[in-house]
$ cat model-v1.cif   # mmCIF, C-alpha atoms and all ligand atoms
data_work
#
loop_
_atom_site.group_PDB
_atom_site.id
_atom_site.type_symbol
_atom_site.label_atom_id
_atom_site.label_comp_id
_atom_site.auth_asym_id
_atom_site.auth_seq_id
_atom_site.Cartn_x
_atom_site.Cartn_y
_atom_site.Cartn_z
ATOM 1 C CA MET A 1 -4.439 -18.823 10.158
ATOM 2 C CA ALA A 2 -4.958 -16.892 6.905
ATOM 3 C CA THR A 3 -7.802 -14.740 8.250
ATOM 4 C CA LEU A 4 -7.141 -11.945 5.748
ATOM 5 C CA ASN A 5 -7.477 -14.045 2.586
ATOM 6 C CA GLY A 6 -9.345 -12.033 -0.047
ATOM 7 C CA THR A 7 -8.808 -8.679 1.695
ATOM 8 C CA CYS A 8 -7.005 -5.645 0.240
ATOM 9 C CA GLY A 9 -5.119 -2.981 2.150
ATOM 10 C CA LEU A 10 -3.146 0.226 1.707
ATOM 11 C CA ILE A 11 0.095 0.859 3.615
ATOM 12 C CA THR A 12 1.807 4.260 3.852
ATOM 13 C CA GLY A 13 5.107 4.948 5.591
ATOM 14 C CA VAL A 14 7.441 2.234 4.298
ATOM 15 C CA ALA A 15 10.913 3.737 3.845
ATOM 16 C CA ASN A 16 13.136 0.714 4.524
ATOM 17 C CA LYS A 17 13.174 -2.703 6.212
ATOM 18 C CA ARG A 18 13.184 -1.156 9.692
ATOM 19 C CA SER A 19 10.024 0.917 9.097
ATOM 20 C CA ILE A 20 7.199 0.106 11.514
ATOM 21 C CA ALA A 21 4.832 0.195 8.513
ATOM 22 C CA TRP A 22 6.881 -2.589 6.887
ATOM 23 C CA ALA A 23 6.633 -4.759 10.019
ATOM 24 C CA ILE A 24 2.837 -4.348 9.889
ATOM 25 C CA ALA A 25 2.745 -4.977 6.116
ATOM 26 C CA LYS A 26 4.615 -8.272 6.562
ATOM 27 C CA ALA A 27 2.237 -9.433 9.320
ATOM 28 C CA LEU A 28 -0.788 -8.608 7.125
ATOM 29 C CA ALA A 29 0.687 -10.304 4.042
ATOM 30 C CA ARG A 30 1.466 -13.422 6.099
ATOM 31 C CA ASP A 31 -2.259 -13.602 6.911
ATOM 32 C CA GLY A 32 -3.231 -13.506 3.230
ATOM 33 C CA ALA A 33 -3.902 -9.794 2.554
ATOM 34 C CA ARG A 34 -3.159 -8.203 -0.829
ATOM 35 C CA LEU A 35 -1.317 -4.897 -0.347
ATOM 36 C CA ALA A 36 -0.686 -1.551 -2.001
ATOM 37 C CA LEU A 37 2.368 0.282 -0.668
ATOM 38 C CA THR A 38 2.874 3.996 -1.168
ATOM 39 C CA TYR A 39 6.315 5.584 -1.251
ATOM 40 C CA GLN A 40 7.079 9.238 -0.536
ATOM 41 C CA GLY A 41 9.096 9.930 -3.701
ATOM 42 C CA GLU A 42 11.490 8.522 -6.297
ATOM 43 C CA ARG A 43 14.267 8.628 -3.672
ATOM 44 C CA LEU A 44 12.605 5.727 -1.826
ATOM 45 C CA LEU A 45 11.350 3.724 -4.844
ATOM 46 C CA ASP A 46 14.422 1.425 -5.034
ATOM 47 C CA ASN A 47 14.094 0.529 -1.335
ATOM 48 C CA VAL A 48 10.373 -0.145 -1.576
ATOM 49 C CA GLN A 49 10.734 -2.178 -4.796
ATOM 50 C CA GLU A 50 13.308 -4.405 -3.114
ATOM 51 C CA LEU A 51 11.016 -4.993 -0.116
ATOM 52 C CA ALA A 52 7.967 -5.499 -2.337
ATOM 53 C CA ALA A 53 9.689 -8.489 -3.927
ATOM 54 C CA GLU A 54 8.890 -10.349 -0.662
ATOM 55 C CA LEU A 55 5.134 -9.779 -1.184
ATOM 56 C CA ASP A 56 2.613 -11.302 -3.593
ATOM 57 C CA ARG A 57 1.879 -8.863 -6.475
ATOM 58 C CA PRO A 58 1.768 -5.634 -4.423
ATOM 59 C CA LEU A 59 0.809 -2.310 -6.007
ATOM 60 C CA LEU A 60 3.497 0.378 -5.588
ATOM 61 C CA LEU A 61 2.152 3.913 -5.763
ATOM 62 C CA PRO A 62 3.872 7.280 -5.292
ATOM 63 C CA CYS A 63 2.258 9.431 -2.600
ATOM 64 C CA ASP A 64 3.594 12.521 -0.898
ATOM 65 C CA VAL A 65 0.845 13.069 1.682
ATOM 66 C CA THR A 66 1.105 16.853 1.342
ATOM 67 C CA SER A 67 -0.276 16.532 -2.229
ATOM 68 C CA ASP A 68 -4.065 16.297 -2.651
ATOM 69 C CA ILE A 69 -3.485 15.307 -6.284
ATOM 70 C CA GLN A 70 -1.248 12.364 -5.393
ATOM 71 C CA ILE A 71 -3.684 11.234 -2.679
ATOM 72 C CA ALA A 72 -6.571 11.317 -5.185
ATOM 73 C CA GLU A 73 -4.500 9.305 -7.701
ATOM 74 C CA VAL A 74 -3.743 6.639 -5.097
ATOM 75 C CA PHE A 75 -7.428 5.979 -4.420
ATOM 76 C CA GLN A 76 -8.332 6.082 -8.148
ATOM 77 C CA THR A 77 -5.710 3.401 -8.817
ATOM 78 C CA ILE A 78 -6.860 1.303 -5.862
ATOM 79 C CA GLU A 79 -10.469 1.476 -7.020
ATOM 80 C CA ARG A 80 -9.410 0.369 -10.501
ATOM 81 C CA GLU A 81 -7.034 -2.409 -9.370
ATOM 82 C CA PHE A 82 -8.665 -3.697 -6.150
ATOM 83 C CA GLY A 83 -12.275 -2.507 -6.631
ATOM 84 C CA GLY A 84 -12.469 -1.660 -2.906
ATOM 85 C CA LEU A 85 -10.409 -1.453 0.277
ATOM 86 C CA ASP A 86 -10.596 -3.343 3.586
ATOM 87 C CA PHE A 87 -7.913 -1.579 5.631
ATOM 88 C CA MET A 88 -5.370 1.245 5.644
ATOM 89 C CA LEU A 89 -2.206 1.779 7.713
ATOM 90 C CA HIS A 90 -1.100 5.405 8.075
ATOM 91 C CA GLY A 91 2.599 5.509 9.003
ATOM 92 C CA THR A 92 3.815 8.931 7.920
ATOM 93 C CA ALA A 93 5.327 11.579 10.165
ATOM 94 C CA PHE A 94 7.756 14.424 9.631
ATOM 95 C CA ALA A 95 8.946 17.649 11.238
ATOM 96 C CA PRO A 96 11.815 19.771 9.853
ATOM 97 C CA ARG A 97 14.954 18.539 11.613
ATOM 98 C CA GLU A 98 15.776 21.864 13.279
ATOM 99 C CA GLU A 99 12.432 21.750 15.126
ATOM 100 C CA LEU A 100 13.645 18.575 16.906
ATOM 101 C CA SER A 101 16.725 20.197 18.413
ATOM 102 C CA ARG A 102 15.851 23.844 19.151
ATOM 103 C CA PRO A 103 14.093 24.781 22.405
ATOM 104 C CA PHE A 104 10.321 24.185 21.896
ATOM 105 C CA VAL A 105 9.539 27.874 22.420
ATOM 106 C CA GLU A 106 11.504 28.581 19.205
ATOM 107 C CA THR A 107 9.129 26.435 17.066
ATOM 108 C CA SER A 108 8.596 28.247 13.763
ATOM 109 C CA ARG A 109 5.200 28.840 12.150
ATOM 110 C CA GLU A 110 6.379 26.923 9.056
ATOM 111 C CA GLY A 111 7.808 24.037 11.124
ATOM 112 C CA PHE A 112 4.517 23.749 13.000
ATOM 113 C CA ARG A 113 2.544 23.833 9.728
ATOM 114 C CA VAL A 114 4.666 21.125 8.066
ATOM 115 C CA ALA A 115 4.696 18.825 11.129
ATOM 116 C CA LEU A 116 0.917 19.045 11.590
ATOM 117 C CA ASP A 117 0.248 18.693 7.845
ATOM 118 C CA VAL A 118 2.387 15.579 7.256
ATOM 119 C CA SER A 119 1.861 13.914 10.633
ATOM 120 C CA ALA A 120 -1.775 14.685 11.504
ATOM 121 C CA TYR A 121 -3.845 16.251 8.694
ATOM 122 C CA SER A 122 -2.702 13.493 6.315
ATOM 123 C CA LEU A 123 -4.670 10.923 8.355
ATOM 124 C CA ILE A 124 -7.876 12.896 7.736
ATOM 125 C CA ALA A 125 -7.171 13.334 4.005
ATOM 126 C CA MET A 126 -6.231 9.668 3.528
ATOM 127 C CA SER A 127 -9.250 8.470 5.548
ATOM 128 C CA ARG A 128 -11.557 10.590 3.375
ATOM 129 C CA GLY A 129 -10.097 8.929 0.266
ATOM 130 C CA ALA A 130 -10.323 5.440 1.740
ATOM 131 C CA ALA A 131 -13.842 5.686 3.201
ATOM 132 C CA PRO A 132 -15.933 5.236 0.017
ATOM 133 C CA LEU A 133 -13.817 2.229 -1.020
ATOM 134 C CA MET A 134 -14.262 0.693 2.443
ATOM 135 C CA ALA A 135 -17.980 1.490 2.567
ATOM 136 C CA ALA A 136 -18.324 -0.398 -0.751
ATOM 137 C CA ARG A 137 -17.053 -3.497 1.123
ATOM 138 C CA GLY A 138 -19.419 -2.995 4.051
ATOM 139 C CA GLY A 139 -16.774 -1.424 6.302
ATOM 140 C CA GLY A 140 -13.063 -1.290 7.037
ATOM 141 C CA ALA A 141 -10.300 -0.473 9.489
ATOM 142 C CA ILE A 142 -7.779 2.371 9.687
ATOM 143 C CA VAL A 143 -4.713 2.439 11.956
ATOM 144 C CA THR A 144 -2.143 5.164 12.548
ATOM 145 C CA LEU A 145 1.082 5.249 14.587
ATOM 146 C CA THR A 146 1.648 7.578 17.496
ATOM 147 C CA TYR A 147 3.967 8.162 20.443
ATOM 148 C CA LEU A 148 3.562 8.957 24.174
ATOM 149 C CA GLY A 149 5.144 12.362 23.450
ATOM 150 C CA SER A 150 1.553 13.423 22.614
ATOM 151 C CA ASP A 151 0.776 13.831 26.305
ATOM 152 C CA ARG A 152 4.119 13.661 28.149
ATOM 153 C CA VAL A 153 7.141 15.842 27.493
ATOM 154 C CA PHE A 154 10.192 14.102 25.977
ATOM 155 C CA PRO A 155 13.381 16.092 25.266
ATOM 156 C CA ASN A 156 13.504 17.275 21.625
ATOM 157 C CA TYR A 157 10.207 15.641 20.570
ATOM 158 C CA ASN A 158 8.859 19.198 20.556
ATOM 159 C CA VAL A 159 6.402 19.995 17.745
ATOM 160 C CA MET A 160 6.039 16.273 16.965
ATOM 161 C CA GLY A 161 4.396 15.925 20.388
ATOM 162 C CA VAL A 162 1.870 18.585 19.392
ATOM 163 C CA ALA A 163 1.320 16.841 16.043
ATOM 164 C CA LYS A 164 0.740 13.472 17.774
ATOM 165 C CA ALA A 165 -1.782 15.089 20.155
ATOM 166 C CA ALA A 166 -3.669 16.365 17.077
ATOM 167 C CA LEU A 167 -3.332 12.939 15.445
ATOM 168 C CA GLU A 168 -4.784 11.112 18.471
ATOM 169 C CA ALA A 169 -7.685 13.571 18.712
ATOM 170 C CA SER A 170 -8.257 13.048 14.969
ATOM 171 C CA VAL A 171 -8.473 9.275 15.594
ATOM 172 C CA ARG A 172 -11.362 9.880 18.014
ATOM 173 C CA TYR A 173 -13.202 12.311 15.718
ATOM 174 C CA LEU A 174 -12.687 10.059 12.680
ATOM 175 C CA ALA A 175 -13.949 7.065 14.665
ATOM 176 C CA ASP A 176 -17.195 8.966 15.244
ATOM 177 C CA SER A 177 -17.323 10.351 11.707
ATOM 178 C CA LEU A 178 -16.792 6.992 9.964
ATOM 179 C CA GLY A 179 -18.337 4.626 12.515
ATOM 180 C CA PRO A 180 -21.779 4.724 10.865
ATOM 181 C CA GLN A 181 -20.131 3.237 7.738
ATOM 182 C CA ASN A 182 -18.657 0.446 9.883
ATOM 183 C CA ILE A 183 -15.153 1.913 9.489
ATOM 184 C CA ARG A 184 -12.998 1.687 12.628
ATOM 185 C CA VAL A 185 -10.133 4.106 13.368
ATOM 186 C CA ASN A 186 -7.428 3.366 15.948
ATOM 187 C CA ALA A 187 -3.836 4.255 16.823
ATOM 188 C CA ILE A 188 -0.903 2.213 18.094
ATOM 189 C CA SER A 189 1.366 4.106 20.473
ATOM 190 C CA ALA A 190 4.710 2.330 20.135
ATOM 191 C CA GLY A 191 7.688 2.493 22.463
ATOM 192 C CA PRO A 192 10.925 3.885 20.943
ATOM 193 C CA ILE A 193 12.372 1.771 18.111
ATOM 194 C CA LYS A 194 15.551 2.486 16.161
ATOM 195 C CA THR A 195 14.113 3.311 12.721
ATOM 196 C CA LEU A 196 14.965 5.973 10.131
ATOM 197 C CA ALA A 197 12.696 8.413 12.015
ATOM 198 C CA ALA A 198 14.867 7.863 15.116
ATOM 199 C CA SER A 199 18.219 8.121 13.365
ATOM 200 C CA GLY A 200 20.300 11.130 14.206
ATOM 201 C CA ILE A 201 18.088 12.018 17.179
ATOM 202 C CA SER A 202 20.627 12.949 19.832
ATOM 203 C CA GLY A 203 20.250 10.903 23.004
ATOM 204 C CA PHE A 204 18.055 8.197 21.391
ATOM 205 C CA GLY A 205 20.274 5.422 22.785
ATOM 206 C CA GLY A 206 19.763 6.872 26.258
ATOM 207 C CA ILE A 207 15.983 6.916 25.774
ATOM 208 C CA LEU A 208 16.009 3.227 24.777
ATOM 209 C CA GLN A 209 18.019 2.494 27.946
ATOM 210 C CA VAL A 210 15.542 4.378 30.178
ATOM 211 C CA TYR A 211 12.692 2.267 28.743
ATOM 212 C CA ARG A 212 14.700 -0.951 29.293
ATOM 213 C CA ASP A 213 15.403 0.046 32.900
ATOM 214 C CA ARG A 214 11.910 1.248 33.869
ATOM 215 C CA ALA A 215 9.268 -0.517 31.738
ATOM 216 C CA PRO A 216 7.438 -3.365 33.513
ATOM 217 C CA LEU A 217 8.746 -5.853 30.907
ATOM 218 C CA ARG A 218 12.331 -4.472 31.351
ATOM 219 C CA ARG A 219 12.993 -4.495 27.592
ATOM 220 C CA ASN A 220 12.416 -2.415 24.468
ATOM 221 C CA THR A 221 9.532 -2.779 22.026
ATOM 222 C CA GLU A 222 10.234 -4.994 19.026
ATOM 223 C CA LEU A 223 9.134 -4.238 15.477
ATOM 224 C CA GLU A 224 7.335 -7.603 15.278
ATOM 225 C CA GLU A 225 5.243 -6.730 18.350
ATOM 226 C CA VAL A 226 3.963 -3.585 16.659
ATOM 227 C CA GLY A 227 3.501 -5.616 13.456
ATOM 228 C CA GLU A 228 1.237 -8.134 15.191
ATOM 229 C CA THR A 229 -0.760 -5.390 16.953
ATOM 230 C CA GLY A 230 -1.249 -3.673 13.582
ATOM 231 C CA ARG A 231 -2.527 -6.918 12.072
ATOM 232 C CA PHE A 232 -4.927 -7.294 15.021
ATOM 233 C CA LEU A 233 -6.315 -3.734 14.807
ATOM 234 C CA LEU A 234 -6.636 -3.905 10.992
ATOM 235 C CA GLY A 235 -8.246 -7.336 11.000
ATOM 236 C CA PRO A 236 -11.593 -8.860 12.062
ATOM 237 C CA GLU A 237 -10.523 -9.862 15.611
ATOM 238 C CA SER A 238 -10.714 -6.202 16.746
ATOM 239 C CA SER A 239 -14.242 -5.625 15.349
ATOM 240 C CA GLY A 240 -15.445 -4.012 18.605
ATOM 241 C CA ILE A 241 -12.565 -1.526 18.974
ATOM 242 C CA THR A 242 -12.575 2.016 17.562
ATOM 243 C CA GLY A 243 -11.326 5.449 18.600
ATOM 244 C CA GLU A 244 -8.652 3.765 20.732
ATOM 245 C CA VAL A 245 -4.954 4.478 21.300
ATOM 246 C CA LEU A 246 -3.394 1.103 22.122
ATOM 247 C CA MET A 247 -0.063 1.252 23.968
ATOM 248 C CA VAL A 248 2.608 -1.197 22.728
ATOM 249 C CA ASP A 249 5.537 -0.043 24.842
ATOM 250 C CA SER A 250 6.479 -2.881 27.260
ATOM 251 C CA GLY A 251 4.143 -1.132 29.729
ATOM 252 C CA TYR A 252 6.397 1.923 30.139
ATOM 253 C CA HIS A 253 3.439 4.349 30.267
ATOM 254 C CA VAL A 254 1.980 2.880 33.490
ATOM 255 C CA MET A 255 4.989 3.825 35.620
ATOM 256 C CA GLY A 256 5.001 6.946 37.795
ATOM 257 C CA LEU A 257 8.660 6.746 38.753
HETATM 258 P P1 LIG A 301 10.239 5.630 9.158
HETATM 259 O O1 LIG A 301 11.175 6.758 8.856
HETATM 260 O O2 LIG A 301 10.565 4.299 8.618
HETATM 261 O O3 LIG A 301 8.768 6.033 8.674
HETATM 262 C C1 LIG A 301 8.322 7.369 8.502
HETATM 263 C C2 LIG A 301 7.694 7.426 7.125
HETATM 264 O O4 LIG A 301 7.092 8.694 6.884
HETATM 265 C C3 LIG A 301 8.714 7.198 6.000
HETATM 266 O O5 LIG A 301 8.310 6.103 5.216
HETATM 267 C C4 LIG A 301 8.642 8.473 5.204
HETATM 268 O O6 LIG A 301 8.822 8.262 3.798
HETATM 269 C C5 LIG A 301 7.213 8.925 5.505
HETATM 270 N N1 LIG A 301 6.967 10.327 5.190
HETATM 271 C C6 LIG A 301 7.530 11.439 5.733
HETATM 272 N N2 LIG A 301 7.074 12.543 5.110
HETATM 273 C C7 LIG A 301 6.193 12.119 4.145
HETATM 274 C C8 LIG A 301 5.408 12.775 3.168
HETATM 275 N N3 LIG A 301 5.409 14.106 3.022
HETATM 276 N N4 LIG A 301 4.630 12.011 2.347
HETATM 277 C C9 LIG A 301 4.613 10.654 2.473
HETATM 278 N N5 LIG A 301 5.337 9.977 3.384
HETATM 279 C C10 LIG A 301 6.112 10.712 4.204
HETATM 280 O O7 LIG A 301 10.121 5.587 10.752
HETATM 281 P P2 LIG A 301 9.098 4.853 11.736
HETATM 282 O O8 LIG A 301 9.715 4.958 13.057
HETATM 283 O O9 LIG A 301 8.707 3.549 11.189
HETATM 284 O O10 LIG A 301 7.841 5.844 11.722
HETATM 285 C C11 LIG A 301 6.533 5.451 11.365
HETATM 286 C C12 LIG A 301 5.527 6.052 12.320
HETATM 287 O O11 LIG A 301 5.734 5.491 13.609
HETATM 288 C C13 LIG A 301 5.602 7.558 12.489
HETATM 289 O O12 LIG A 301 4.291 8.079 12.581
HETATM 290 C C14 LIG A 301 6.310 7.712 13.825
HETATM 291 O O13 LIG A 301 5.952 8.926 14.435
HETATM 292 C C15 LIG A 301 5.712 6.527 14.552
HETATM 293 N N6 LIG A 301 6.430 6.098 15.759
HETATM 294 C C16 LIG A 301 7.755 5.801 15.729
HETATM 295 C C17 LIG A 301 8.411 5.390 16.888
HETATM 296 C C18 LIG A 301 9.880 5.090 16.904
HETATM 297 O O14 LIG A 301 10.484 5.120 17.982
HETATM 298 N N7 LIG A 301 10.496 4.777 15.769
HETATM 299 C C19 LIG A 301 7.677 5.268 18.079
HETATM 300 C C20 LIG A 301 6.313 5.558 18.090
HETATM 301 C C21 LIG A 301 5.702 5.975 16.913
HETATM 302 C C1 LIG A 302 12.094 11.823 17.665
HETATM 303 C C2 LIG A 302 12.671 13.035 18.076
HETATM 304 C C3 LIG A 302 12.964 13.305 19.406
HETATM 305 C C4 LIG A 302 12.671 12.374 20.379
HETATM 306 C C5 LIG A 302 12.108 11.166 19.970
HETATM 307 C C6 LIG A 302 11.819 10.892 18.621
HETATM 308 N N1 LIG A 302 11.727 10.065 20.702
HETATM 309 C C7 LIG A 302 11.194 9.120 19.876
HETATM 310 C C8 LIG A 302 11.260 9.594 18.553
HETATM 311 C C9 LIG A 302 11.858 9.948 22.158
HETATM 312 C C10 LIG A 302 10.666 7.809 20.312
HETATM 313 C C11 LIG A 302 10.798 8.867 17.294
HETATM 314 N N2 LIG A 302 9.363 9.194 17.028
HETATM 315 C C12 LIG A 302 8.382 8.659 17.927
HETATM 316 C C13 LIG A 302 8.941 9.987 15.979
HETATM 317 O O1 LIG A 302 7.741 10.184 15.842
HETATM 318 C C14 LIG A 302 9.888 10.624 15.047
HETATM 319 C C15 LIG A 302 9.471 11.545 14.157
HETATM 320 C C16 LIG A 302 10.354 12.321 13.295
HETATM 321 C C17 LIG A 302 11.716 12.082 13.154
HETATM 322 C C18 LIG A 302 12.476 12.906 12.300
HETATM 323 C C19 LIG A 302 13.968 12.735 12.145
HETATM 324 C C20 LIG A 302 14.471 13.307 10.847
HETATM 325 C C21 LIG A 302 13.798 14.598 10.431
HETATM 326 N N3 LIG A 302 12.506 14.810 10.808
HETATM 327 C C22 LIG A 302 11.817 13.969 11.632
HETATM 328 N N4 LIG A 302 10.487 14.174 11.798
HETATM 329 C C23 LIG A 302 9.763 13.370 12.593
HETATM 330 O O2 LIG A 302 14.401 15.399 9.721
#

$ encode --input "model-v1.cif" --output "structure tokens" --more "lines below"
Ligand code: NAD
Ligand code: IMJ
Amino acid sequence: MATLNGTCGLITGVANKRSIAWAIAKALARDGARLALTYQGERLLDNVQELAAELDRPLLLPCDVTSDIQIAEVFQTIEREFGGLDFMLHGTAFAPREELSRPFVETSREGFRVALDVSAYSLIAMSRGAAPLMAARGGGAIVTLTYLGSDRVFPNYNVMGVAKAALEASVRYLADSLGPQNIRVNAISAGPIKTLAASGISGFGGILQVYRDRAPLRRNTELEEVGETGRFLLGPESSGITGEVLMVDSGYHVMGL
């Protein structure tokens, strides 16, 4: 059912066809939403243009989330082109590669700053930009992507775990901050999926195997499952849910041993 006909949304975090943000974008577009996709820099424009050809008249906008100027330009363009905003998917995360292999105690001040800036602060900055455009429509929904490494220790996840803890706390504070404007803020905590952000992580294949062996569903999480959950949390069916971290991980997190 095309429940999102007439709605407009912003998607960050599409790098290629395996990006979780792209899986969510496709699910939203299938339901009738009009989308704006941001790309991190010229390096990714070709990829995103190719994917965008599958959508109906998407806006493609450059946005490095560490730049306040680029963030401001994104929302100016959306106001001009869409006149408002119904939902936003935040799918950006980054830590300097060396921080994901060194012992955690060696985390550098700069590595910590970059990881928290790109992966957590950016949700606050983007939500601030989106809020007036959503309020103009009577409300909206914001979703970000997180991982269980925010409260359990996973080898090498390191400063990203700290960034995801800050991100999840930000979801709760933003839910309270924006709730009076009828803007909901939630996170999806996905099980491990082989995307660009997982490539080159040593031992990732072993982590996928542990999930397959131990999760109640005895299988890994599929991109389409996160896509459908994103569509749910960004759409009208989840109107009573805010400040929540929804686990989409084949149930892995419930196990003790
Ligand atoms: P991905 O590499 O496709 O997506 C990460 C995105 O972050 C890319 O599009 C990249 O361009 C963007 N990005 C990085 N730095 C940026 C910056 N400065 N400005 C703008 N964009 C920037 O990988 P993914 O796995 O789809 O990751 C998306 C989200 O899902 C991340 O938040 C990640 O932590 C989360 N997540 C991933 C997994 C997994 O196993 N793949 C599991 C749980 C959560
Ligand atoms: C990433 C590193 C270590 C362990 C990991 C991951 N596990 C999972 C991931 C167990 C599931 C993927 N994930 C959830 C992420 O959030 C990844 C973030 C990430 C990945 C990279 C790789 C390339 C790089 N910087 C990165 N920054 C963040 O240079």

$ residues_near_ligand --input "model-v1.cif" --ligand "ligand LIG 301 (chain A)" --cutoff "8 Å" --atoms "all atoms listed in the file" --output "MDAnalysis selection string"
chainID A and resid 12:22 38:41 44 63:66 90:94 118:119 144:148 160 164 188:198

$ residues_near_point --input "model-v1.cif" --point "(-16.3, 1.9, -6.3)" --cutoff "10 Å" --atoms "all atoms listed in the file" --output "list in words"
Phe75, Gln76, Ile78, Glu79, Arg80, Phe82, Gly83, Gly84, Leu85, Pro132, Leu133, Met134, Ala135, Ala136 and Arg137 of chain A

$ write_last_selection --input "model-v1.cif" --atoms "C-alpha atoms" --output "JSON list (two decimals), in the frame of the given file"
[["chain", "number", "residue", "atom", "x", "y", "z"],
["A", 75, "PHE", "CA", -7.43, 5.98, -4.42],
["A", 76, "GLN", "CA", -8.33, 6.08, -8.15],
["A", 78, "ILE", "CA", -6.86, 1.30, -5.86],
["A", 79, "GLU", "CA", -10.47, 1.48, -7.02],
["A", 80, "ARG", "CA", -9.41, 0.37, -10.50],
["A", 82, "PHE", "CA", -8.66, -3.70, -6.15],
["A", 83, "GLY", "CA", -12.28, -2.51, -6.63],
["A", 84, "GLY", "CA", -12.47, -1.66, -2.91],
["A", 85, "LEU", "CA", -10.41, -1.45, 0.28],
["A", 132, "PRO", "CA", -15.93, 5.24, 0.02],
["A", 133, "LEU", "CA", -13.82, 2.23, -1.02],
["A", 134, "MET", "CA", -14.26, 0.69, 2.44],
["A", 135, "ALA", "CA", -17.98, 1.49, 2.57],
["A", 136, "ALA", "CA", -18.32, -0.40, -0.75],
["A", 137, "ARG", "CA", -17.05, -3.50, 1.12]]

$ resolve_selection --input "model-v1.cif" --expression "the PyMOL selection byres (((chain A and resi 149) around 10) and not hetatm)" --output "list of chain:residue names"
A:Thr146, A:Tyr147, A:Leu148, A:Ser150, A:Asp151, A:Arg152, A:Val153, A:Phe154, A:Pro155, A:Asn156, A:Tyr157, A:Asn158, A:Val159, A:Met160, A:Gly161, A:Val162, A:Ala163, A:Lys164, A:Ala165, A:Ser189

$ atom_distance --input "model-v1.cif" --atom1 "CA of Gly129 in chain A" --atom2 "CA of Ile71 in chain A"
7.4 Å

$ axis_aligned_box --input "model-v1.cif" --around "ligand LIG 302 (chain A)" --padding-each-side "3 Å" --output "AutoDock Vina command-line options"
--center_x 11.1 --center_y 11.6 --center_z 15.9 --size_x 12.7 --size_y 13.6 --size_z 18.4

$ resolve_selection --input "model-v1.cif" --expression "the PyMOL selection byres (((chain A and resi 98) around 12) and not hetatm)" --output "ChimeraX atom specification"
/A:94-97,99-104,106-108,110-112,115,156-160,200-201

$ residues_near_point --input "model-v1.cif" --point "(9.5, -2.4, 34.3)" --cutoff "12 Å" --atoms "all atoms listed in the file" --output "mmCIF file with C-alpha atoms, in the coordinates of the input"
data_model
loop_
_atom_site.group_PDB
_atom_site.id
_atom_site.type_symbol
_atom_site.label_atom_id
_atom_site.label_comp_id
_atom_site.auth_asym_id
_atom_site.auth_seq_id
_atom_site.Cartn_x
_atom_site.Cartn_y
_atom_site.Cartn_z
ATOM 1 C CA GLN A 209 18.019 2.494 27.946
ATOM 2 C CA VAL A 210 15.542 4.378 30.178
ATOM 3 C CA TYR A 211 12.692 2.267 28.743
ATOM 4 C CA ARG A 212 14.700 -0.951 29.293
ATOM 5 C CA ASP A 213 15.403 0.046 32.900
ATOM 6 C CA ARG A 214 11.910 1.248 33.869
ATOM 7 C CA ALA A 215 9.268 -0.517 31.738
ATOM 8 C CA PRO A 216 7.438 -3.365 33.513
ATOM 9 C CA LEU A 217 8.746 -5.853 30.907
ATOM 10 C CA ARG A 218 12.331 -4.472 31.351
ATOM 11 C CA ARG A 219 12.993 -4.495 27.592
ATOM 12 C CA ASN A 220 12.416 -2.415 24.468
ATOM 13 C CA ASP A 249 5.537 -0.043 24.842
ATOM 14 C CA SER A 250 6.479 -2.881 27.260
ATOM 15 C CA GLY A 251 4.143 -1.132 29.729
ATOM 16 C CA TYR A 252 6.397 1.923 30.139
ATOM 17 C CA HIS A 253 3.439 4.349 30.267
ATOM 18 C CA VAL A 254 1.980 2.880 33.490
ATOM 19 C CA MET A 255 4.989 3.825 35.620
ATOM 20 C CA GLY A 256 5.001 6.946 37.795
ATOM 21 C CA LEU A 257 8.660 6.746 38.753
#

$ closest_residue --input "model-v1.cif" --among "A:Pro62, A:Gly240, A:Gly235, A:Gly205" --to "ligand LIG 302 (chain A)" --atoms "all atoms listed in the file"
A:Gly205

$ closest_residue --input "model-v1.cif" --among "A:Ile69, A:Val114, A:Ala2, A:Ala169" --to "ligand LIG 302 (chain A)" --atoms "all atoms listed in the file"
A:Val114

$ resolve_selection --input "model-v1.cif" --expression "the PyMOL selection byres (((chain A and resi 10) around 8) and not hetatm)" --output "tab-separated table (two decimals) with C-alpha atoms, in the coordinates of the input"
chain	number	residue	atom	x	y	z
A	8	CYS	CA	-7.00	-5.64	0.24
A	9	GLY	CA	-5.12	-2.98	2.15
A	11	ILE	CA	0.10	0.86	3.62
A	12	THR	CA	1.81	4.26	3.85
A	35	LEU	CA	-1.32	-4.90	-0.35
A	36	ALA	CA	-0.69	-1.55	-2.00
A	37	LEU	CA	2.37	0.28	-0.67
A	38	THR	CA	2.87	4.00	-1.17
A	85	LEU	CA	-10.41	-1.45	0.28
A	87	PHE	CA	-7.91	-1.58	5.63
A	88	MET	CA	-5.37	1.25	5.64
A	89	LEU	CA	-2.21	1.78	7.71

$ residues_around --input "model-v1.cif" --residues "Tyr173 in chain A" --least-positions-apart "6" --cutoff "10 Å" --atoms "only C-alpha atoms" --output "ChimeraX atom specification"
/A:124,167,179,185,243

$ closest_residue --input "model-v1.cif" --among "A:Gly227, A:Pro58, A:Gly138, A:Gly203" --to "Ala23 in chain A" --atoms "all atoms listed in the file"
A:Gly227

$ atom_distance --input "model-v1.cif" --atom1 "CA of Asn182 in chain A" --atom2 "CA of Ile241 in chain A"
11.1 Å

$ closest_residue --input "model-v1.cif" --among "A:Arg231, A:Asp117, A:Arg172, A:Arg128" --to "ligand LIG 302 (chain A)" --atoms "only C-alpha atoms and all ligand atoms"
A:Asp117

$ closest_residue --input "model-v1.cif" --among "A:Val248, A:Gly139, A:Ala187, A:Leu55" --to "Val226 in chain A" --atoms "all atoms listed in the file"
A:Val248

$ closest_residue --input "model-v1.cif" --among "A:Pro236, A:Ile183, A:Glu228, A:Phe204" --to "Arg30 in chain A" --atoms "only C-alpha atoms"
A:Glu228
